[in-house]
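I have placed the structure first, in the form of structure tokens, so that the comments after it can refer back to it.
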Number of protein chains: 2
Amino acid sequence: MLLENSLAFSHSLLSRHVQAGDIVVDATAGNGHDTVFLAQYVGEYGQVYAFDIQEIALQRTQERLQQAKLAKRVQLIHASHADLAEYVPPNIATVMFNFGYLPGGDKQLSTQTHSSLAALQSALKLLAVGGVVSAVLYPGHFAGAAESAAVLQWAQNLPQQAFSVLQYGFINQRNQPPILLVIEKLRCT
Amino acid sequence: MLLENSLAFSHSLLSRHVQAGDIVVDATAGNGHDTVFLAQYVGEYGQVYAFDIQEIALQRTQERLQQAKLAKRVQLIHASHADLAEYVPPNIATVMFNFGYLPGGDKQLSTQTHSSLAALQSALKLLAVGGVVSAVLYPGHFAGAAESAAVLQWAQNLPQQAFSVLQYGFINQRNQPPILLVIEKLRCT
């Protein structure tokens with residue numbers, strides 16, 4: 001298949017973007033897949049901050065990092081990504097979001113529109129110029145539909161002088177597959 | 001800039017897709033940029049069919065091909081892309097569309113929704129399994145808005161068992177930049 005799904009395309013893009021030594025954020029650690037991906041690309045002297053409000057998610061992420069021998073590059077933070085700015089220094093290269101609920105976890109504990117928007121806004125402030133935020137949205141989930149609509153509306157209204165907002169996704173599937181948003185910071189805000 | 005615009009992303013994708021020896025189509029030759037691009041990738045034993053209804057477009061394309069020493073790989077066809085199937089054999093790898101009017105030409109001579117949809121439908125039939133159609137739409141042009149809406153609606157209704165339809169574009173720009181559609185054929189129809 002030539003066309004990558006939203007998750008795979010976000011990894012393709014960020015594998016070209018993240019450099020050795022970068023400071024980056026996984027705002028939704030979940031099962032740790034994105035955390036491990038980022039830890040690989042920041043190299044020995046880079047740093048990943050990984051957030052989750054669920055202890056079980058951080059445990060799974062830690063296990064995955066240890067298996068990959070990448071735990072030293074990652075700081076796990078048991079807090080809401082809405083509080084990003086309290087833990088992360090400015091001028092970061094990338095913030096990854098993967099909204100929705102923890103796969104294999106409690107589906108009631110989904111990300112919430114209010115804190116998701118707060119976290120995205122905070123992420124844009126912390127980004128270096130040339131940095132990118134990637135966000136996978138789940139319009140096909142019962143809880144994800146409203147959140148996705150709100151995030152898309154917010155993103156459409158970002159000033160084009162300061163940000164490029166790319167939307168990537170498949171449009172002919174009945175169960176509304178994940179949509180990828182990528183926001184590139186063009187200048188200081 | 002990390003994020004490519006729609007035109008650049010279509011070239012990135014197709015440069016990974018088109019193979020030496022392939023038979024491919026530029027359904028809207030225009031000034032010949034896509035024709036030259038395709039001719040480079042099909043190699044010495046491949047074949048490009050390039051369509052335009054404007055003689056001036058085919059002349060410009062021919063000049064560009066001669067400059068690039070690629071004219072032997074291309075058959076220029078002075079006909080509507082709605083009649084694709086009369087000129088092109090089945091099992092082709094790619095059909096590229098770049099809708100709208102000829103840059104530097106008569107803006108009244110824009111592509112028309114009716115023939116654009118006919119051409120797209122014909123292109124999907126001629127594609128080999130695994131083949132792709134790419135189409136750049138111009139929702140920000142006076143004539144392109146209705147055409148873009150019609151093409152998007154048509155594409156959203158393609159059966160997901162047979163086609164993946166990707167939409168790629170920037171969503172926070174006031175002048176509605178070009179949208180890229182890429183349709184990958186998954187099985188025989």
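Residues are referred to by chain and number: the chain letter is A, B, ... according to the order shown in the structure tokens, the number counts from 1 in that chain, and ligands are numbered separately from 1 in the order shown.
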Exercise. Could you write out, as a ChimeraX atom specification, all the residues of region 12-187 of chain B that DSSP marks as strand (DSSP E)?
Worked result: /B:23-26,47-52,74-78,92-98,127-137,163-170,179-185
For this session: Please determine the contact residues of chain B with respect to chain A at a cut-off of 12 Å, counting only C-alpha atoms, and supply them as a PyMOL selection string.
Result: chain B and resi 1-6+9-10+12-18+93-94+129-134+152-187
For this session: Could you give me the residues within region 62-144 of chain B that DSSP places in alpha helix (DSSP H), as a count of residues only?
Result: 25
For this session: Within 10 Å of region 111-116 of chain B, counting only C-alpha atoms, which residues show up once you throw out same-chain ones fewer than 5 positions away? Write them as a list in words, please.
Result: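 So, after excluding close chain neighbours, the residues are Ala27, Thr28, Ile53, Ser80, His81, Ala82, Asp83, Phe97, Asn98, Phe99, Gly100, Tyr101, Leu102, Gln121, Ser122, Ala143, Gly144, Ala146, Glu147, Ser148, Ala149, Ala150 and Val151 of chain B.
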Would you save the residues of that selection, restricted to C-alpha atoms, as a tab-separated table (two decimals), in the first residue's frame?
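And here is the file that came out, again39.tsv:
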```tsv
chain	number	residue	atom	x	y	z
B	27	ALA	CA	-4.56	13.95	-17.62
B	28	THR	CA	-3.97	17.73	-17.52
B	53	ILE	CA	-7.65	20.23	-24.94
B	80	SER	CA	-10.41	15.79	-23.48
B	81	HIS	CA	-9.32	13.63	-20.55
B	82	ALA	CA	-12.96	12.54	-20.40
B	83	ASP	CA	-12.05	10.35	-23.40
B	97	PHE	CA	-4.79	15.51	-12.50
B	98	ASN	CA	-4.12	19.17	-11.81
B	99	PHE	CA	-7.48	20.89	-12.20
B	100	GLY	CA	-8.21	24.54	-12.89
B	101	TYR	CA	-6.95	26.70	-15.75
B	102	LEU	CA	-3.68	26.81	-17.69
B	121	GLN	CA	-14.10	7.70	-13.20
B	122	SER	CA	-12.42	6.54	-16.37
B	143	ALA	CA	-14.47	28.25	-11.05
B	144	GLY	CA	-12.66	25.70	-8.93
B	146	ALA	CA	-17.87	24.05	-7.31
B	147	GLU	CA	-15.64	21.56	-9.12
B	148	SER	CA	-13.65	20.86	-5.93
B	149	ALA	CA	-16.81	20.30	-3.91
B	150	ALA	CA	-18.21	17.94	-6.54
B	151	VAL	CA	-14.99	15.93	-6.79
```
Problem set entry | Point-to-point distance from CA of Ile92 (chain B) to CA of Gln19 (chain B), Å rounded to tenths |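 It comes out at 11.2 Å.
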Go ahead and align chain A to chain B (same sequence, so just pair every C-alpha in order, least squares) and export the moved chain as an mmCIF file with C-alpha atoms, in the first residue's frame.
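To be explicit, this is the file written out as superposed_21.cif:
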```
data_model
loop_
_atom_site.group_PDB
_atom_site.id
_atom_site.type_symbol
_atom_site.label_atom_id
_atom_site.label_comp_id
_atom_site.auth_asym_id
_atom_site.auth_seq_id
_atom_site.Cartn_x
_atom_site.Cartn_y
_atom_site.Cartn_z
ATOM 1 C CA MET A 1 9.649 23.834 6.172
ATOM 2 C CA LEU A 2 8.721 20.295 7.097
ATOM 3 C CA LEU A 3 5.227 20.295 5.612
ATOM 4 C CA GLU A 4 5.011 20.067 1.831
ATOM 5 C CA ASN A 5 2.241 21.787 -0.079
ATOM 6 C CA SER A 6 -0.239 19.645 -2.008
ATOM 7 C CA LEU A 7 1.685 19.704 -5.284
ATOM 8 C CA ALA A 8 5.009 18.868 -3.660
ATOM 9 C CA PHE A 9 3.462 16.082 -1.603
ATOM 10 C CA SER A 10 1.914 14.527 -4.727
ATOM 11 C CA HIS A 11 5.367 14.457 -6.320
ATOM 12 C CA SER A 12 6.938 12.955 -3.178
ATOM 13 C CA LEU A 13 4.349 10.182 -3.103
ATOM 14 C CA LEU A 14 4.498 9.412 -6.815
ATOM 15 C CA SER A 15 8.285 9.453 -6.923
ATOM 16 C CA ARG A 16 8.103 6.452 -4.588
ATOM 17 C CA HIS A 17 5.306 4.845 -6.578
ATOM 18 C CA VAL A 18 6.152 5.165 -10.281
ATOM 19 C CA GLN A 19 8.597 2.508 -11.479
ATOM 20 C CA ALA A 20 10.765 2.204 -14.571
ATOM 21 C CA GLY A 21 8.705 0.668 -17.363
ATOM 22 C CA ASP A 22 5.336 1.904 -16.032
ATOM 23 C CA ILE A 23 2.564 3.239 -18.235
ATOM 24 C CA VAL A 24 1.180 6.439 -16.708
ATOM 25 C CA VAL A 25 -1.056 9.381 -17.606
ATOM 26 C CA ASP A 26 -0.883 13.127 -17.150
ATOM 27 C CA ALA A 27 -4.557 13.957 -17.611
ATOM 28 C CA THR A 28 -3.958 17.731 -17.520
ATOM 29 C CA ALA A 29 -0.679 18.453 -19.294
ATOM 30 C CA GLY A 30 -0.909 22.246 -18.818
ATOM 31 C CA ASN A 31 2.602 23.665 -18.891
ATOM 32 C CA GLY A 32 4.095 20.192 -18.770
ATOM 33 C CA HIS A 33 5.573 20.115 -15.282
ATOM 34 C CA ASP A 34 3.831 16.892 -14.266
ATOM 35 C CA THR A 35 4.478 15.344 -17.692
ATOM 36 C CA VAL A 36 8.228 15.901 -17.332
ATOM 37 C CA PHE A 37 8.117 14.613 -13.752
ATOM 38 C CA LEU A 38 6.371 11.398 -14.857
ATOM 39 C CA ALA A 39 8.650 10.949 -17.885
ATOM 40 C CA GLN A 40 11.674 11.022 -15.590
ATOM 41 C CA TYR A 41 10.316 8.238 -13.416
ATOM 42 C CA VAL A 42 8.973 5.836 -16.075
ATOM 43 C CA GLY A 43 12.444 5.504 -17.532
ATOM 44 C CA GLU A 44 13.516 4.619 -21.042
ATOM 45 C CA TYR A 45 11.017 1.798 -21.509
ATOM 46 C CA GLY A 46 8.040 3.426 -19.798
ATOM 47 C CA GLN A 47 5.318 5.489 -21.450
ATOM 48 C CA VAL A 48 3.506 8.686 -20.526
ATOM 49 C CA TYR A 49 0.223 9.713 -22.150
ATOM 50 C CA ALA A 50 -0.349 13.452 -21.712
ATOM 51 C CA PHE A 51 -3.744 15.048 -22.463
ATOM 52 C CA ASP A 52 -4.828 18.604 -23.006
ATOM 53 C CA ILE A 53 -7.644 20.252 -24.948
ATOM 54 C CA GLN A 54 -5.532 23.372 -25.563
ATOM 55 C CA GLU A 55 -2.979 23.252 -28.379
ATOM 56 C CA ILE A 56 -0.842 25.867 -26.602
ATOM 57 C CA ALA A 57 -0.557 23.605 -23.551
ATOM 58 C CA LEU A 58 0.682 20.688 -25.647
ATOM 59 C CA GLN A 59 3.198 22.962 -27.380
ATOM 60 C CA ARG A 60 4.579 24.155 -24.054
ATOM 61 C CA THR A 61 4.712 20.582 -22.773
ATOM 62 C CA GLN A 62 6.541 19.447 -25.903
ATOM 63 C CA GLU A 63 9.125 22.240 -25.500
ATOM 64 C CA ARG A 64 9.700 21.330 -21.882
ATOM 65 C CA LEU A 65 10.086 17.658 -22.767
ATOM 66 C CA GLN A 66 12.580 18.429 -25.529
ATOM 67 C CA GLN A 67 14.651 20.591 -23.195
ATOM 68 C CA ALA A 68 14.741 17.678 -20.748
ATOM 69 C CA LYS A 69 15.437 15.188 -23.583
ATOM 70 C CA LEU A 70 12.401 13.168 -22.544
ATOM 71 C CA ALA A 71 10.087 13.646 -25.541
ATOM 72 C CA LYS A 72 10.472 10.041 -26.712
ATOM 73 C CA ARG A 73 8.794 8.699 -23.595
ATOM 74 C CA VAL A 74 5.637 10.798 -24.025
ATOM 75 C CA GLN A 75 2.643 10.650 -26.318
ATOM 76 C CA LEU A 76 0.862 14.014 -26.435
ATOM 77 C CA ILE A 77 -2.873 13.741 -27.051
ATOM 78 C CA HIS A 78 -5.016 16.686 -28.131
ATOM 79 C CA ALA A 79 -8.299 15.525 -26.607
ATOM 80 C CA SER A 80 -10.411 15.803 -23.479
ATOM 81 C CA HIS A 81 -9.317 13.637 -20.560
ATOM 82 C CA ALA A 82 -12.951 12.539 -20.397
ATOM 83 C CA ASP A 83 -12.038 10.362 -23.404
ATOM 84 C CA LEU A 84 -9.050 8.780 -21.637
ATOM 85 C CA ALA A 85 -10.220 5.236 -22.310
ATOM 86 C CA GLU A 86 -10.115 5.744 -26.077
ATOM 87 C CA TYR A 87 -6.378 6.388 -26.035
ATOM 88 C CA VAL A 88 -4.886 4.604 -23.027
ATOM 89 C CA PRO A 89 -4.587 0.839 -22.434
ATOM 90 C CA PRO A 90 -5.721 -0.641 -19.093
ATOM 91 C CA ASN A 91 -3.475 -1.568 -16.148
ATOM 92 C CA ILE A 92 -1.773 1.774 -15.798
ATOM 93 C CA ALA A 93 0.183 2.710 -12.679
ATOM 94 C CA THR A 94 -0.805 6.341 -12.192
ATOM 95 C CA VAL A 95 -3.018 9.115 -13.477
ATOM 96 C CA MET A 96 -2.222 12.693 -12.409
ATOM 97 C CA PHE A 97 -4.784 15.503 -12.497
ATOM 98 C CA ASN A 98 -4.120 19.156 -11.818
ATOM 99 C CA PHE A 99 -7.461 20.884 -12.198
ATOM 100 C CA GLY A 100 -8.209 24.536 -12.890
ATOM 101 C CA TYR A 101 -6.946 26.718 -15.767
ATOM 102 C CA LEU A 102 -3.686 26.812 -17.695
ATOM 103 C CA PRO A 103 -1.239 29.055 -15.766
ATOM 104 C CA GLY A 104 -0.535 32.029 -18.001
ATOM 105 C CA GLY A 105 -3.415 31.001 -20.289
ATOM 106 C CA ASP A 106 -7.073 31.894 -20.688
ATOM 107 C CA LYS A 107 -8.726 31.696 -17.267
ATOM 108 C CA GLN A 108 -12.081 31.106 -18.920
ATOM 109 C CA LEU A 109 -10.819 27.741 -20.186
ATOM 110 C CA SER A 110 -10.925 26.038 -16.800
ATOM 111 C CA THR A 111 -11.568 22.334 -16.338
ATOM 112 C CA GLN A 112 -15.286 21.576 -16.044
ATOM 113 C CA THR A 113 -16.923 19.525 -13.304
ATOM 114 C CA HIS A 114 -18.754 17.246 -15.703
ATOM 115 C CA SER A 115 -15.730 16.206 -17.759
ATOM 116 C CA SER A 116 -13.474 16.159 -14.689
ATOM 117 C CA LEU A 117 -15.710 13.594 -12.989
ATOM 118 C CA ALA A 118 -15.966 11.552 -16.184
ATOM 119 C CA ALA A 119 -12.180 11.543 -16.480
ATOM 120 C CA LEU A 120 -11.656 10.538 -12.846
ATOM 121 C CA GLN A 121 -14.108 7.687 -13.193
ATOM 122 C CA SER A 122 -12.425 6.534 -16.372
ATOM 123 C CA ALA A 123 -9.003 6.778 -14.672
ATOM 124 C CA LEU A 124 -10.083 4.498 -11.816
ATOM 125 C CA LYS A 125 -11.224 1.863 -14.313
ATOM 126 C CA LEU A 126 -7.926 1.967 -16.210
ATOM 127 C CA LEU A 127 -5.766 1.737 -13.052
ATOM 128 C CA ALA A 128 -4.013 -1.502 -12.199
ATOM 129 C CA VAL A 129 -4.656 -2.848 -8.700
ATOM 130 C CA GLY A 130 -2.183 -0.976 -6.494
ATOM 131 C CA GLY A 131 -2.268 1.992 -8.861
ATOM 132 C CA VAL A 132 -3.046 5.553 -7.782
ATOM 133 C CA VAL A 133 -4.838 8.610 -9.084
ATOM 134 C CA SER A 134 -3.659 11.957 -7.752
ATOM 135 C CA ALA A 135 -5.746 15.089 -8.177
ATOM 136 C CA VAL A 136 -4.967 18.657 -7.150
ATOM 137 C CA LEU A 137 -8.132 20.700 -6.542
ATOM 138 C CA TYR A 138 -8.452 24.498 -6.352
ATOM 139 C CA PRO A 139 -11.303 25.397 -3.986
ATOM 140 C CA GLY A 140 -10.014 28.994 -3.766
ATOM 141 C CA HIS A 141 -10.643 29.812 -7.459
ATOM 142 C CA PHE A 142 -13.978 31.161 -8.638
ATOM 143 C CA ALA A 143 -14.463 28.254 -11.054
ATOM 144 C CA GLY A 144 -12.654 25.698 -8.932
ATOM 145 C CA ALA A 145 -14.884 25.919 -5.866
ATOM 146 C CA ALA A 146 -17.863 24.057 -7.305
ATOM 147 C CA GLU A 147 -15.631 21.564 -9.125
ATOM 148 C CA SER A 148 -13.655 20.855 -5.940
ATOM 149 C CA ALA A 149 -16.812 20.311 -3.915
ATOM 150 C CA ALA A 150 -18.214 17.939 -6.529
ATOM 151 C CA VAL A 151 -14.988 15.933 -6.788
ATOM 152 C CA LEU A 152 -14.685 15.665 -2.993
ATOM 153 C CA GLN A 153 -18.258 14.476 -2.683
ATOM 154 C CA TRP A 154 -17.721 11.902 -5.425
ATOM 155 C CA ALA A 155 -14.497 10.685 -3.782
ATOM 156 C CA GLN A 156 -16.072 10.367 -0.326
ATOM 157 C CA ASN A 157 -18.559 7.928 -1.802
ATOM 158 C CA LEU A 158 -16.064 5.580 -3.424
ATOM 159 C CA PRO A 159 -16.424 2.076 -1.910
ATOM 160 C CA GLN A 160 -13.790 1.535 0.776
ATOM 161 C CA GLN A 161 -13.345 -2.123 -0.176
ATOM 162 C CA ALA A 162 -12.038 -1.059 -3.561
ATOM 163 C CA PHE A 163 -10.361 2.312 -2.949
ATOM 164 C CA SER A 164 -8.527 4.272 -0.261
ATOM 165 C CA VAL A 165 -9.139 7.991 -0.632
ATOM 166 C CA LEU A 166 -6.672 10.298 1.082
ATOM 167 C CA GLN A 167 -7.296 14.026 1.510
ATOM 168 C CA TYR A 168 -4.257 16.230 2.196
ATOM 169 C CA GLY A 169 -4.264 19.992 2.638
ATOM 170 C CA PHE A 170 -3.763 23.059 4.801
ATOM 171 C CA ILE A 171 -6.865 24.130 6.679
ATOM 172 C CA ASN A 172 -5.996 27.460 8.284
ATOM 173 C CA GLN A 173 -5.351 29.607 5.216
ATOM 174 C CA ARG A 174 -7.732 32.352 4.199
ATOM 175 C CA ASN A 175 -7.383 31.860 0.433
ATOM 176 C CA GLN A 176 -8.119 28.131 0.491
ATOM 177 C CA PRO A 177 -4.964 26.563 -0.903
ATOM 178 C CA PRO A 178 -5.022 23.543 -3.241
ATOM 179 C CA ILE A 179 -6.259 20.247 -1.814
ATOM 180 C CA LEU A 180 -4.668 16.974 -2.845
ATOM 181 C CA LEU A 181 -6.734 13.830 -3.276
ATOM 182 C CA VAL A 182 -4.946 10.513 -3.744
ATOM 183 C CA ILE A 183 -7.002 7.440 -4.622
ATOM 184 C CA GLU A 184 -5.341 4.026 -4.338
ATOM 185 C CA LYS A 185 -7.011 1.072 -6.061
ATOM 186 C CA LEU A 186 -7.153 -1.891 -3.676
ATOM 187 C CA ARG A 187 -8.879 -4.479 -5.864
ATOM 188 C CA CYS A 188 -10.547 -4.993 -9.231
ATOM 189 C CA THR A 189 -13.835 -3.196 -9.761
#
```
